[in-house]
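Undergrad: Attaching a single structure in structure tokens format; questions to follow.
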Amino acid sequence: MGIHAVTGSASGMGAATAAVLREAGHTVIGVDLRDADVIADLGTAEGRAAAVAAVLEASGGVLDGVAAVAGVGPSLKDAGAVASINYFGPTALLDGLRPALARSAAGRAVVIGSNSASTVPMIDQTLADLLLAGDEDAARTHARAAQAGVPAELAAASPSISAYATSKFALARWVRRTAVRPEWAREGVLLNVIAPGAVVTPLMLGATGRAEDLDADAFPTPMPLGVFGTPEDIAFWVHQFLRPEARFTTGATLYVDGGTDAAMRPDGQ
Ligand code: NAI
């Protein structure tokens with residue numbers, strides 16, 4: 001059985017992922033702001049460095065899987081924090097843990113992106129470029145300044161919608177660029193993205209209200225399957241990507257969104 005690190009393990013998809021892995025007999029090192037084996041703030045450089053060090057110590061320097069699930073949603077008021085948590089959180093953690101994954105016979109990493117990267121028409125290319133260039137200070141400053149451009153009707157509930165979608169857009173692009181590098185691909189460490197749609201978790205309910213009031217057919221984005229996702233729907237696919245048998249897919253994005261992306265972009269890739 002393997003040793004897996006799961007960020008965001010205290011809630012939602014991360015908690016469901018940790019549960020599925022434990023159920024399968026694996027050891028899980030949970031990382032979160034609270035209620036986790038490793039307590040760390042992935043929104044800061046110090047927190048990420050501490051998380052990497054603590055996971056390496058807990059795992060003995062060999063990891064079979066990393067699920068980078070922790071993240072925030074577009075309702076967070078500070079777009080700079082969204083950029084830091086959603087982009088630099090997973091990318092720095094994965095860079096730091098890659099050598100431990102390379103020591104496994106079948107190292108696997110999964111990042112939770114979002115279908116917002118392709119369905120929200122508010123990608124900020126300047127912010128994406130700053131994120132991909134690794135300039136966190138400039139990205140935070142730009143994201144905050146650009147928040148003023150979010151239309152008023154969106155700004156009330158989703159003040160950081162553009163930074164949110166852009167952070168997930170850049171994250172998926174980082175995965176494509178990174179997964180094929182020799183130090184990942186030729187070391188047998190596979191790296192993929194899952195792009196969820198609307199999944200009923202505390203993050204989503206914080207923006208939409210009570211679960212019992214949710215109606216998939218009245219949701220602002222199309223929900224072809226007529227249902228919202230559960231954390232377990234995402235955890236199932238995270239688990240598949242982390243299996244040693246998942247050995248011929250890297251740099252890919254899998255939409256687990258009830259068909260939203262296909263409905264909105266029928267001719268997209
Ligand atoms: P959630 O709020 O239930 O869980 C997120 C977890 O991440 C929490 O335990 C939280 O404490 C942790 N976290 C947040 N900021 C952190 C930080 N700075 N350092 C360490 N841990 C931190 O949310 P959910 O829905 O399970 O979100 C999981 C991922 O899925 C996130 O990356 C989110 O952006 C993404 N997502 C969620 C969607 C949804 O509809 N729920 C849709 C698409 C993507």
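We name chains A, B, ... following the order of the structure tokens; residues begin at 1 in each chain, and ligands are numbered from 1 as shown.
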Considering only C-alpha atoms and all ligand atoms, tabulate each residue of chain A that lies at most 8 Å from ligand 1 along with its nearest interatomic pair and the corresponding distance in Å to one decimal; arrange the rows by chain and ascending residue number and present them as JSON lines.
TA:
{"residue": "A:Thr7", "atom": "CA", "partner": "ligand 1", "partner_atom_place_in_ligand_line": "21 (N)", "distance": 6.4}
{"residue": "A:Gly8", "atom": "CA", "partner": "ligand 1", "partner_atom_place_in_ligand_line": "7 (O)", "distance": 3.6}
{"residue": "A:Ser9", "atom": "CA", "partner": "ligand 1", "partner_atom_place_in_ligand_line": "9 (O)", "distance": 5.7}
{"residue": "A:Ala10", "atom": "CA", "partner": "ligand 1", "partner_atom_place_in_ligand_line": "9 (O)", "distance": 4.1}
{"residue": "A:Ser11", "atom": "CA", "partner": "ligand 1", "partner_atom_place_in_ligand_line": "9 (O)", "distance": 4.0}
{"residue": "A:Gly12", "atom": "CA", "partner": "ligand 1", "partner_atom_place_in_ligand_line": "26 (O)", "distance": 3.4}
{"residue": "A:Met13", "atom": "CA", "partner": "ligand 1", "partner_atom_place_in_ligand_line": "26 (O)", "distance": 3.9}
{"residue": "A:Gly14", "atom": "CA", "partner": "ligand 1", "partner_atom_place_in_ligand_line": "26 (O)", "distance": 5.7}
{"residue": "A:Ala15", "atom": "CA", "partner": "ligand 1", "partner_atom_place_in_ligand_line": "9 (O)", "distance": 7.5}
{"residue": "A:Val31", "atom": "CA", "partner": "ligand 1", "partner_atom_place_in_ligand_line": "20 (C)", "distance": 6.6}
{"residue": "A:Asp32", "atom": "CA", "partner": "ligand 1", "partner_atom_place_in_ligand_line": "21 (N)", "distance": 4.0}
{"residue": "A:Leu33", "atom": "CA", "partner": "ligand 1", "partner_atom_place_in_ligand_line": "20 (C)", "distance": 4.6}
{"residue": "A:Arg34", "atom": "CA", "partner": "ligand 1", "partner_atom_place_in_ligand_line": "11 (O)", "distance": 6.5}
{"residue": "A:Ile39", "atom": "CA", "partner": "ligand 1", "partner_atom_place_in_ligand_line": "20 (C)", "distance": 7.5}
{"residue": "A:Ala40", "atom": "CA", "partner": "ligand 1", "partner_atom_place_in_ligand_line": "20 (C)", "distance": 5.7}
{"residue": "A:Asp41", "atom": "CA", "partner": "ligand 1", "partner_atom_place_in_ligand_line": "19 (N)", "distance": 3.7}
{"residue": "A:Leu42", "atom": "CA", "partner": "ligand 1", "partner_atom_place_in_ligand_line": "19 (N)", "distance": 3.8}
{"residue": "A:Gly43", "atom": "CA", "partner": "ligand 1", "partner_atom_place_in_ligand_line": "18 (N)", "distance": 4.1}
{"residue": "A:Thr44", "atom": "CA", "partner": "ligand 1", "partner_atom_place_in_ligand_line": "18 (N)", "distance": 7.3}
{"residue": "A:Gly47", "atom": "CA", "partner": "ligand 1", "partner_atom_place_in_ligand_line": "19 (N)", "distance": 7.7}
{"residue": "A:Ala68", "atom": "CA", "partner": "ligand 1", "partner_atom_place_in_ligand_line": "32 (O)", "distance": 7.8}
{"residue": "A:Val69", "atom": "CA", "partner": "ligand 1", "partner_atom_place_in_ligand_line": "29 (C)", "distance": 4.9}
{"residue": "A:Ala70", "atom": "CA", "partner": "ligand 1", "partner_atom_place_in_ligand_line": "7 (O)", "distance": 3.5}
{"residue": "A:Gly71", "atom": "CA", "partner": "ligand 1", "partner_atom_place_in_ligand_line": "32 (O)", "distance": 3.3}
{"residue": "A:Val72", "atom": "CA", "partner": "ligand 1", "partner_atom_place_in_ligand_line": "34 (O)", "distance": 4.6}
{"residue": "A:Gly73", "atom": "CA", "partner": "ligand 1", "partner_atom_place_in_ligand_line": "34 (O)", "distance": 5.1}
{"residue": "A:Ile85", "atom": "CA", "partner": "ligand 1", "partner_atom_place_in_ligand_line": "18 (N)", "distance": 5.2}
{"residue": "A:Asn86", "atom": "CA", "partner": "ligand 1", "partner_atom_place_in_ligand_line": "32 (O)", "distance": 6.3}
{"residue": "A:Gly89", "atom": "CA", "partner": "ligand 1", "partner_atom_place_in_ligand_line": "18 (N)", "distance": 7.4}
{"residue": "A:Ile112", "atom": "CA", "partner": "ligand 1", "partner_atom_place_in_ligand_line": "32 (O)", "distance": 5.4}
{"residue": "A:Gly113", "atom": "CA", "partner": "ligand 1", "partner_atom_place_in_ligand_line": "44 (C)", "distance": 5.7}
{"residue": "A:Ser114", "atom": "CA", "partner": "ligand 1", "partner_atom_place_in_ligand_line": "43 (C)", "distance": 4.1}
{"residue": "A:Asn115", "atom": "CA", "partner": "ligand 1", "partner_atom_place_in_ligand_line": "43 (C)", "distance": 6.3}
{"residue": "A:Ser116", "atom": "CA", "partner": "ligand 1", "partner_atom_place_in_ligand_line": "43 (C)", "distance": 7.0}
{"residue": "A:Tyr164", "atom": "CA", "partner": "ligand 1", "partner_atom_place_in_ligand_line": "34 (O)", "distance": 7.8}
{"residue": "A:Lys168", "atom": "CA", "partner": "ligand 1", "partner_atom_place_in_ligand_line": "34 (O)", "distance": 7.8}
{"residue": "A:Ala195", "atom": "CA", "partner": "ligand 1", "partner_atom_place_in_ligand_line": "43 (C)", "distance": 6.4}
{"residue": "A:Pro196", "atom": "CA", "partner": "ligand 1", "partner_atom_place_in_ligand_line": "43 (C)", "distance": 4.5}
{"residue": "A:Gly197", "atom": "CA", "partner": "ligand 1", "partner_atom_place_in_ligand_line": "42 (C)", "distance": 4.7}
{"residue": "A:Ala198", "atom": "CA", "partner": "ligand 1", "partner_atom_place_in_ligand_line": "40 (O)", "distance": 3.7}
{"residue": "A:Val199", "atom": "CA", "partner": "ligand 1", "partner_atom_place_in_ligand_line": "40 (O)", "distance": 3.8}
{"residue": "A:Val200", "atom": "CA", "partner": "ligand 1", "partner_atom_place_in_ligand_line": "41 (N)", "distance": 5.7}
{"residue": "A:Thr201", "atom": "CA", "partner": "ligand 1", "partner_atom_place_in_ligand_line": "25 (O)", "distance": 4.7}
{"residue": "A:Pro202", "atom": "CA", "partner": "ligand 1", "partner_atom_place_in_ligand_line": "3 (O)", "distance": 4.5}
{"residue": "A:Leu203", "atom": "CA", "partner": "ligand 1", "partner_atom_place_in_ligand_line": "2 (O)", "distance": 3.9}
{"residue": "A:Met204", "atom": "CA", "partner": "ligand 1", "partner_atom_place_in_ligand_line": "41 (N)", "distance": 4.6}
{"residue": "A:Leu205", "atom": "CA", "partner": "ligand 1", "partner_atom_place_in_ligand_line": "41 (N)", "distance": 8.0}
{"residue": "A:Gly229", "atom": "CA", "partner": "ligand 1", "partner_atom_place_in_ligand_line": "40 (O)", "distance": 7.8}
{"residue": "A:Pro231", "atom": "CA", "partner": "ligand 1", "partner_atom_place_in_ligand_line": "26 (O)", "distance": 6.6}
Undergrad: If you count only C-alpha atoms, which residues fall within 9 Å of range 93-102 of chain A, apart from same-chain ones fewer than 3 positions away, as JSON, numbers by chain?
TA: {"A": [42, 48, 49, 51, 52, 53, 55, 56, 59, 60, 61, 62, 63, 64, 65, 66, 68, 88, 89, 90, 105, 106, 107, 108, 109, 183, 184, 187, 188, 189]}
Undergrad: Using only N, CA, C and O atoms, please write the residues we just selected to a file, as a short mmCIF file (atom, residue, chain, number, x, y, z; two decimals), in the first residue's frame.
TA:
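Below is the file that was written, part.cif:
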data_model
loop_
_atom_site.label_atom_id
_atom_site.label_comp_id
_atom_site.auth_asym_id
_atom_site.auth_seq_id
_atom_site.Cartn_x
_atom_site.Cartn_y
_atom_site.Cartn_z
N LEU A 42 -1.05 27.19 2.87
CA LEU A 42 -0.46 27.07 1.53
C LEU A 42 -0.58 28.38 0.74
O LEU A 42 -0.15 28.44 -0.40
N ARG A 48 4.11 26.96 2.69
CA ARG A 48 4.37 25.89 1.70
C ARG A 48 5.66 25.17 2.02
O ARG A 48 5.73 23.93 1.95
N ALA A 49 6.71 25.93 2.37
CA ALA A 49 8.00 25.31 2.70
C ALA A 49 7.84 24.41 3.92
O ALA A 49 8.39 23.28 3.96
N ALA A 51 5.11 22.95 4.90
CA ALA A 51 4.30 21.78 4.51
C ALA A 51 5.15 20.75 3.80
O ALA A 51 5.06 19.55 4.08
N VAL A 52 5.98 21.21 2.87
CA VAL A 52 6.85 20.27 2.15
C VAL A 52 7.77 19.54 3.14
O VAL A 52 7.90 18.30 3.09
N ALA A 53 8.38 20.29 4.05
CA ALA A 53 9.30 19.68 5.01
C ALA A 53 8.57 18.66 5.89
O ALA A 53 9.08 17.56 6.14
N VAL A 55 5.75 17.01 5.24
CA VAL A 55 5.31 15.82 4.48
C VAL A 55 6.51 14.91 4.21
O VAL A 55 6.42 13.67 4.31
N LEU A 56 7.66 15.51 3.89
CA LEU A 56 8.85 14.69 3.63
C LEU A 56 9.24 13.92 4.89
O LEU A 56 9.61 12.74 4.83
N SER A 59 6.67 11.12 5.55
CA SER A 59 6.66 10.03 4.55
C SER A 59 8.00 9.30 4.48
O SER A 59 8.12 8.30 3.75
N GLY A 60 9.00 9.81 5.19
CA GLY A 60 10.33 9.20 5.08
C GLY A 60 10.98 9.51 3.73
O GLY A 60 11.93 8.84 3.32
N GLY A 61 10.48 10.53 3.05
CA GLY A 61 11.12 10.96 1.79
C GLY A 61 10.69 10.19 0.56
O GLY A 61 11.22 10.42 -0.53
N VAL A 62 9.70 9.30 0.70
CA VAL A 62 9.19 8.57 -0.46
C VAL A 62 7.66 8.69 -0.46
O VAL A 62 7.01 8.34 0.51
N LEU A 63 7.13 9.20 -1.59
CA LEU A 63 5.68 9.37 -1.70
C LEU A 63 5.17 8.67 -2.95
O LEU A 63 5.79 8.77 -4.01
N ASP A 64 4.03 8.00 -2.83
CA ASP A 64 3.43 7.36 -4.00
C ASP A 64 2.43 8.28 -4.70
O ASP A 64 2.18 8.10 -5.90
N GLY A 65 1.87 9.20 -3.95
CA GLY A 65 0.90 10.09 -4.57
C GLY A 65 0.77 11.40 -3.84
O GLY A 65 0.98 11.47 -2.63
N VAL A 66 0.45 12.43 -4.61
CA VAL A 66 0.09 13.73 -4.02
C VAL A 66 -1.20 14.19 -4.69
O VAL A 66 -1.28 14.23 -5.93
N ALA A 68 -3.26 17.48 -4.78
CA ALA A 68 -3.28 18.90 -4.40
C ALA A 68 -4.70 19.42 -4.58
O ALA A 68 -5.07 19.85 -5.68
N PHE A 88 0.01 29.23 -6.47
CA PHE A 88 1.32 28.94 -5.88
C PHE A 88 1.23 27.83 -4.84
O PHE A 88 2.22 27.11 -4.61
N GLY A 89 0.06 27.65 -4.20
CA GLY A 89 -0.09 26.55 -3.25
C GLY A 89 0.24 25.21 -3.89
O GLY A 89 1.23 24.55 -3.51
N PRO A 90 -0.52 24.78 -4.89
CA PRO A 90 -0.25 23.46 -5.48
C PRO A 90 1.07 23.38 -6.25
O PRO A 90 1.76 22.35 -6.18
N ALA A 105 8.02 3.69 -6.96
CA ALA A 105 8.02 2.92 -8.21
C ALA A 105 6.98 3.45 -9.18
O ALA A 105 7.06 3.19 -10.38
N ALA A 106 6.00 4.21 -8.66
CA ALA A 106 4.92 4.73 -9.52
C ALA A 106 4.38 6.01 -8.90
O ALA A 106 3.28 6.03 -8.37
N GLY A 107 5.17 7.09 -8.96
CA GLY A 107 4.74 8.37 -8.38
C GLY A 107 3.63 9.00 -9.21
O GLY A 107 3.70 9.06 -10.44
N ARG A 108 2.61 9.48 -8.54
CA ARG A 108 1.45 10.08 -9.23
C ARG A 108 1.06 11.37 -8.52
O ARG A 108 1.06 11.44 -7.29
N ALA A 109 0.68 12.37 -9.31
CA ALA A 109 0.19 13.62 -8.73
C ALA A 109 -1.05 14.09 -9.47
O ALA A 109 -1.14 13.96 -10.69
N GLU A 183 12.35 15.58 -15.78
CA GLU A 183 12.44 15.26 -14.34
C GLU A 183 11.11 14.77 -13.78
O GLU A 183 11.07 14.22 -12.68
N TRP A 184 10.05 14.96 -14.52
CA TRP A 184 8.76 14.36 -14.15
C TRP A 184 8.53 13.10 -15.00
O TRP A 184 8.46 11.99 -14.47
N GLU A 187 11.10 10.33 -14.97
CA GLU A 187 11.24 9.75 -13.63
C GLU A 187 9.99 8.94 -13.27
O GLU A 187 9.85 8.45 -12.14
N GLY A 188 9.07 8.85 -14.23
CA GLY A 188 7.87 8.04 -14.00
C GLY A 188 6.85 8.70 -13.10
O GLY A 188 5.96 8.04 -12.56
N VAL A 189 6.96 10.04 -12.94
CA VAL A 189 6.00 10.75 -12.09
C VAL A 189 4.96 11.40 -13.00
O VAL A 189 5.28 12.30 -13.78
#
Undergrad: With distances taken over only C-alpha atoms, which of A:Thr230, A:Gln125, A:Thr178, A:Ser75 is nearest to Ala157 in chain A?
TA: A:Ser75
Undergrad: Per DSSP on the backbone, what are the alpha helix (DSSP H) residues of range 16-111 of chain A, as a ChimeraX atom specification?
TA: /A:16-23,45-59,79-83,89-102
Undergrad: Between A:Ala170, A:Ala16, A:Leu214, A:Leu76, which has the minimum distance to Ala156 in chain A (counting only C-alpha atoms)?
TA: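 The answer is A:Leu76, which sits nearest to Ala156 in chain A.
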Undergrad: Which residues are near Ala145 in chain A? Cut-off 10 Å, only C-alpha atoms, ignore same chain within fewer than 4 positions. Put them as a ChimeraX atom specification.
TA: /A:79-80,139-141,149
Undergrad: Store the residues of this selection in a file with all heavy atoms, as a compact mmCIF listing (two decimals), in the first residue's frame.
TA:
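Done, and the output landed in part_14.txt:
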# COMPACT_ATOMS: atom_id res chain seq x y z
N ALA A 79 -8.50 39.00 -4.07
CA ALA A 79 -8.10 38.28 -5.29
C ALA A 79 -6.61 37.90 -5.25
O ALA A 79 -6.20 36.91 -5.86
CB ALA A 79 -8.38 39.14 -6.52
N GLY A 80 -5.81 38.68 -4.52
CA GLY A 80 -4.39 38.35 -4.38
C GLY A 80 -4.21 37.04 -3.63
O GLY A 80 -3.37 36.20 -4.00
N ALA A 139 1.89 39.16 -9.16
CA ALA A 139 0.58 38.53 -9.44
C ALA A 139 -0.45 38.99 -8.42
O ALA A 139 -1.59 39.33 -8.78
CB ALA A 139 0.72 37.01 -9.43
N ARG A 140 -0.05 39.04 -7.17
CA ARG A 140 -0.99 39.47 -6.11
C ARG A 140 -1.40 40.92 -6.33
O ARG A 140 -2.58 41.27 -6.24
CB ARG A 140 -0.35 39.30 -4.73
CG ARG A 140 -0.24 37.86 -4.28
CD ARG A 140 0.60 37.77 -3.01
NE ARG A 140 -0.07 38.33 -1.88
CZ ARG A 140 -0.80 37.62 -0.99
NH1 ARG A 140 -0.93 36.32 -1.15
NH2 ARG A 140 -1.39 38.21 0.02
N THR A 141 -0.42 41.76 -6.62
CA THR A 141 -0.70 43.19 -6.82
C THR A 141 -1.63 43.38 -8.02
O THR A 141 -2.62 44.12 -7.96
CB THR A 141 0.62 43.96 -7.05
OG1 THR A 141 1.46 43.73 -5.92
CG2 THR A 141 0.38 45.45 -7.23
N GLY A 149 -12.34 45.66 -12.08
CA GLY A 149 -12.96 45.45 -13.38
C GLY A 149 -14.05 44.39 -13.38
O GLY A 149 -14.71 44.18 -14.41
Undergrad: Restricting the calculation to only C-alpha atoms: of A:Ser104, A:Thr91, A:Ser160, A:Ser84, which residue gets closest to Glu136 in chain A?
TA: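 Looking only at the distances to Glu136 in chain A, the closest residue turns out to be A:Ser84.
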Undergrad: Rounded to one decimal in Å, what is the spacing between CA of Thr17 in chain A and CA of Asp37 in chain A?
TA: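 Here the two named atoms are 14.7 Å from each other.
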Undergrad: By how many Å are CA of Val6 in chain A and CA of Ser167 in chain A apart?
TA: 19.6 Å
Undergrad: Can you tell me how far CA of Val120 in chain A sits from CA of Arg177 in chain A, in Å to one decimal?
TA: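 A separation of 22.0 Å between them.
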Undergrad: Point out the residue among A:Thr250, A:Ser162, A:Thr221, A:Gln240 with the least atom-to-atom distance to Ala185 in chain A, counting only C-alpha atoms.
TA: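 For Ala185 in chain A, the nearest of the candidates is A:Thr250.
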Undergrad: What lies within 9 Å of Gln147 in chain A using only C-alpha atoms, ignoring chain neighbours under 4 positions off, as a list in words?
TA: Asp78, Ala79, His142, Ala143, Ala155, Pro159, Ser160, Ile161, Ser162 and Ala163 of chain A
Undergrad: Just to be explicit: take each residue in the selection above, keep C-alpha atoms, and write the result as an mmCIF file, in the first residue's frame.
TA:
data_model
loop_
_atom_site.group_PDB
_atom_site.id
_atom_site.type_symbol
_atom_site.label_atom_id
_atom_site.label_comp_id
_atom_site.auth_asym_id
_atom_site.auth_seq_id
_atom_site.Cartn_x
_atom_site.Cartn_y
_atom_site.Cartn_z
ATOM 1 C CA ASP A 78 -8.943 39.203 -1.703
ATOM 2 C CA ALA A 79 -8.099 38.280 -5.288
ATOM 3 C CA HIS A 142 -2.135 42.831 -10.310
ATOM 4 C CA ALA A 143 -4.992 40.550 -9.184
ATOM 5 C CA ALA A 155 -18.761 41.431 -7.690
ATOM 6 C CA PRO A 159 -15.561 39.445 -6.097
ATOM 7 C CA SER A 160 -12.537 37.434 -7.206
ATOM 8 C CA ILE A 161 -14.178 35.519 -10.078
ATOM 9 C CA SER A 162 -11.600 36.632 -12.635
ATOM 10 C CA ALA A 163 -8.612 35.831 -10.388
#
